[in-house]
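Below is one structure; the comments refer to it alone.
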Amino acid sequence: MKIYLKIWRQKDATSKGKMVDYTLEGIEGDMSFLEMLDILNEELITKGEEPIEFDHDCREGICGTCSLQINGRPHGPDRFITACQLHMRSFKDGDTITIEPFRAKAFPVIKDLIVDRTAFDRIQQAGGYISVNTSGHTIDANTIPIEKENADDSFYAAACIGCGACVAACKNASAMLFTSAKVSQFALLPQGRVEATDRVLNMVRQMDIEGFGNCTNTGACEIECPKGISLENIARMNREYLSASLKG
Amino acid sequence: MSKLIQSSIARKVVMALSGIFLVLFLALHFTINFTSVISPETFNELSHFMGYNPIVQFLMQPILIAGVVVHFVMGFILEIKNRKARGVKYVQFKGSANAPWVSRNMIYSGAVVLAFLGLHFYDFWLHEMAYKYVEVNPEDPTRYFAETVEKFAPMWRTALYVVSFGLLSLHLWHGFASSFQTMGLNNKYTPAIVNFTKIYAVAIPLGFVFIALYHHFNPIIH
């Protein structure tokens with residue numbers, strides 16, 4: 001099939017970007033979205049033009065690297081997938097596809113479709129861990145009984161791959177879903193309760209420092225999350241935060 | 001406590017709590033207004049009580065005004081901060097694919113309601129202040145019903161009421177349920193709470209619209 005592409009090109013972090021039109025022929029439905037971009041890049045290289053920079057690593061929906069806004073939606077039109085899991089069969093012959101980087105002040109564009117998402121790393125570093133004494137007397141985690149419901153919810157929260165689709169989808173560029181998933185995965189387990197108060201205060205403070213917007217509960221993040229992270233995590237983080245603030 | 005005021009979650013909580021407070025006041029306001037349809041005497045009695053009771057006038061009224069001011073000032077602050085958080089806008093952004101219109105346009109529905117409140121304050125609150133404290137008129141417990149019905153005589157004011165309460169309904173449709181999520185309530189009771197808030201968001205504004213239309217089309221029978 002033949003498709004028309006409008007792709008964001010930006011030379012570097014300080015340059016002003018613009019949309020550039022491309023046309024690709026011979027695209028098959030079984031190709032992944034990133035394979036389609038690979039073909040476009042091969043054509044550009046053959047013509048002596050600068051290839052389009054885009055992030056990718058595992059290409060199996062785990063790494064959360066492929067941060068593409070496709071036709072106005074993070075990771076494209078299908079639910080519960082990342083851009084690398086999107087296939088060209090989701091489009092039809094003659095379609096025009098718009099591809100942009102995830103946009104947020106806290107996710108500055110590095111080049112073309114690549115954004116700097118280290119803001120997420122700094123939020124994680126602010127408290128997304130547990131401190132364990134590994135001096136030789138460490139208790140096996142499996143010896144601590146945990147309610148099935150809590151273990152499941154913690155696991156679901158831990159499924160967040162930090163791709164940033166929640167930020168990209170939110171009209172406010174809020175990172176509440178990401179931060180709440182990282183807070184929740186520990187808050188639900190006894191091992192995480194020890195540092196729960198400091199964790200939520202520090203991670204929310206870092207989230208605010210990074211310049212993400214304020215959540216207005218539109219629910220767009222939950223819909224666009226490739227891992228189906230629930231809004232329940234945001235409610236849980238709010239409870240944790242209010243409780244921690246009143247204690248502090 | 002200072003951390004609570006500066007954080008994004010605290011700002012959300014301020015919006016939620018002030019919103020819930022205003023929702024509760026709306027129910028009280030509706031109850032009193034509705035008596036104007038079924039019993040003008042009761043409406044006069046209740047209005048006179050609200051207008052002259054010192055606790056209502058000098059404690060509850062300032063709290064209510066503060067609630068309104070806090071809600072809309074914080075709403076505008078959040079809107080400005082949220083617009084800044086995006087920086088460069090998307091060329092294509094399909095917001096309708098993942099979030100309802102009402103949730104994405106609270107600032108506009110809220111702005112219309114705020115403009116309506118301006119008219120409402122001019123019509124009733126300023127009028128009352130002038131009546132009581134500027135002109136220093138004597139107490140008249142029978143005047144409220146006739147004054148209210150008279151206000152709904154012009155078509156333009158009644159039409160503005162209808163439009164404004166339509167926007168208020170949209171604002172409540174998202175805002176009321178959203179305030180529970182902000183306060184951390186998302187559990188097995190959430191579907192029931194959400195259903196209640198949706199019914200409230202439609203029923204109460206519809207009730208206000210009914211009262212306005214009733215007095216507009218039935219001025220003679222009074």
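Each chain in the structure tokens gets a letter, A, B and so on, in the order shown; residues start at 1 in every chain, and ligands are counted from 1 in the order they appear.
If you count only C-alpha atoms and ignore residues fewer than 3 places along the chain from segment 89-94 of chain A, what sits within 7 Å of it is Met1, Lys2, Ile3, Tyr4, Gly29 and Asp30 of chain A.
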Next, the residues of the selection above should be written as a PDB file, in the first residue's frame with C-alpha atoms.
```
ATOM      1  CA  MET A   1       0.000   0.000   0.000  1.00  0.00           C
ATOM      2  CA  LYS A   2       0.925   3.623  -0.434  1.00  0.00           C
ATOM      3  CA  ILE A   3       0.996   5.909   2.573  1.00  0.00           C
ATOM      4  CA  TYR A   4       1.661   9.580   3.096  1.00  0.00           C
ATOM      5  CA  GLY A  29       0.152  -4.831   6.528  1.00  0.00           C
ATOM      6  CA  ASP A  30       2.414  -7.336   8.286  1.00  0.00           C
TER       7      ASP A  30
END
```
Using only C-alpha atoms, determine which residues of chain A fall within 7 Å of chain B; present them as a list in words.
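Listed by rising number, the hits are Asn71, Gly72, Arg73, Arg103, Ala104, Lys105, Asn172, Ala173, Arg205, Asp208, Gly211, Phe212, Gly213, Asn214, Asn217, Thr218, Gly219, Ala220, Ile223, Glu232, Ala235, Arg236, Asn238, Arg239, Ser245 and Leu246 of chain A.
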Written file, previous selection with C-alpha atoms, as an mmCIF file, in the first residue's frame:
```
data_model
loop_
_atom_site.group_PDB
_atom_site.id
_atom_site.type_symbol
_atom_site.label_atom_id
_atom_site.label_comp_id
_atom_site.auth_asym_id
_atom_site.auth_seq_id
_atom_site.Cartn_x
_atom_site.Cartn_y
_atom_site.Cartn_z
ATOM 1 C CA ASN A 71 -2.134 10.493 14.390
ATOM 2 C CA GLY A 72 -2.604 12.484 17.573
ATOM 3 C CA ARG A 73 -2.369 9.529 19.976
ATOM 4 C CA ARG A 103 5.349 16.574 23.812
ATOM 5 C CA ALA A 104 5.855 17.927 27.322
ATOM 6 C CA LYS A 105 8.042 20.641 28.775
ATOM 7 C CA ASN A 172 -1.987 18.816 30.969
ATOM 8 C CA ALA A 173 1.182 16.758 30.355
ATOM 9 C CA ARG A 205 7.987 16.758 44.871
ATOM 10 C CA ASP A 208 6.472 18.851 40.405
ATOM 11 C CA GLY A 211 7.492 20.676 35.412
ATOM 12 C CA PHE A 212 4.786 18.121 34.662
ATOM 13 C CA GLY A 213 1.219 19.434 34.694
ATOM 14 C CA ASN A 214 -1.541 18.912 37.215
ATOM 15 C CA ASN A 217 -8.828 13.332 36.042
ATOM 16 C CA THR A 218 -9.673 13.221 32.337
ATOM 17 C CA GLY A 219 -8.634 9.551 32.283
ATOM 18 C CA ALA A 220 -6.759 9.885 28.965
ATOM 19 C CA ILE A 223 -6.886 4.757 28.053
ATOM 20 C CA GLU A 232 -6.886 3.582 41.014
ATOM 21 C CA ALA A 235 -6.276 7.714 43.940
ATOM 22 C CA ARG A 236 -3.946 5.543 46.045
ATOM 23 C CA ASN A 238 -3.353 10.868 46.592
ATOM 24 C CA ARG A 239 -4.318 8.989 49.775
ATOM 25 C CA SER A 245 1.644 15.295 54.500
ATOM 26 C CA LEU A 246 -0.542 15.313 57.582
#
```
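Computed from the coordinates, the atom CA of Val14 of chain B to atom CA of Val209 of chain B distance equals 28.7 Å.
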Near Ser18 of chain B, within 12 Å and counting only C-alpha atoms, which residues show up once chain neighbours fewer than 5 positions away are dropped, as number ranges by chain?
B: 11-13, 23-25, 63-75, 175-176, 179, 183
Could you name the residues that touch Lys151 of chain B at 10 Å or less, counting only C-alpha atoms, but leaving out those on the same chain fewer than 5 positions away, as a list in words?
Asp123, Phe124, Ala146, Arg157, Thr158, Ala212, His215 and His216 of chain B
Output for the residues just chosen: C-alpha atoms as a compact mmCIF listing (two decimals), in the first residue's frame:
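Written file, part_34.txt:
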```txt
# COMPACT_ATOMS: atom_id res chain seq x y z
CA ASP B 123 -29.19 40.69 40.35
CA PHE B 124 -29.61 39.46 43.89
CA ALA B 146 -42.38 39.07 43.91
CA ARG B 157 -32.25 36.71 31.57
CA THR B 158 -34.23 33.46 31.57
CA ALA B 212 -36.60 29.89 35.97
CA HIS B 215 -41.61 31.92 36.77
CA HIS B 216 -40.99 33.21 33.26
```
Find the residues around segment 15-22 of chain A up to 6 Å (only C-alpha atoms counted), leave out those fewer than 4 positions away in its own chain, and share them as a PyMOL selection string.
chain A and resi 4-11
Calculate how many Å separate atom CA of Leu68 of chain A from atom CA of Cys215 of chain A, rounding to one decimal.
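For atom CA of Leu68 of chain A relative to atom CA of Cys215 of chain A, the distance reads 21.6 Å.
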Among listed residues A:Glu149, A:Glu224, A:Glu50, A:Glu60, nearest Cys84 of chain A (using only C-alpha atoms)
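Of all the options, A:Glu60 lies closest to Cys84 of chain A.
Shortest atom-to-atom contact with Pro205 of chain B among B:Leu26, B:Val134, B:Val112, B:Ile32: B:Leu26, counting only C-alpha atoms.
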Considering only C-alpha atoms, return as a PyMOL selection string whatever protein or nucleic-acid residues lie within 12 Å of Ile62 of chain A, sequence-local ones (same chain, fewer than 4 positions apart) excluded.
chain A and resi 56-58+66+80-85+159-163+226-227
How would you write, as a PyMOL selection string, the set of residues in segment 58-248 of chain A that DSSP gives as alpha helix (DSSP H)?
chain A and resi 118-125+148-158+165-169+176-187+190-193+196-209+220-224+232-247
What does the distance between atom CA of Lys188 of chain B and atom CA of Ile234 of chain A come to in Å, to one decimal place?
15.5 Å
Give me, as a PyMOL selection string, all polymer residues having an atom no more than 6 Å from Ser32 of chain A, counting only C-alpha atoms and skipping those fewer than 6 positions away in the same chain.
chain A and resi 86-88
Selection above as a file: N, CA and C atoms, as a short mmCIF file (atom, residue, chain, number, x, y, z; two decimals), in the first residue's frame:
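What ended up in again-v8.cif:
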```cif
data_model
loop_
_atom_site.label_atom_id
_atom_site.label_comp_id
_atom_site.auth_asym_id
_atom_site.auth_seq_id
_atom_site.Cartn_x
_atom_site.Cartn_y
_atom_site.Cartn_z
N LEU A 86 2.56 -1.83 17.01
CA LEU A 86 1.55 -1.38 16.04
C LEU A 86 1.95 -1.87 14.65
N HIS A 87 0.99 -2.41 13.95
CA HIS A 87 1.29 -2.91 12.61
C HIS A 87 0.58 -2.08 11.55
N MET A 88 1.14 -2.13 10.36
CA MET A 88 0.63 -1.29 9.29
C MET A 88 -0.76 -1.72 8.83
#
```
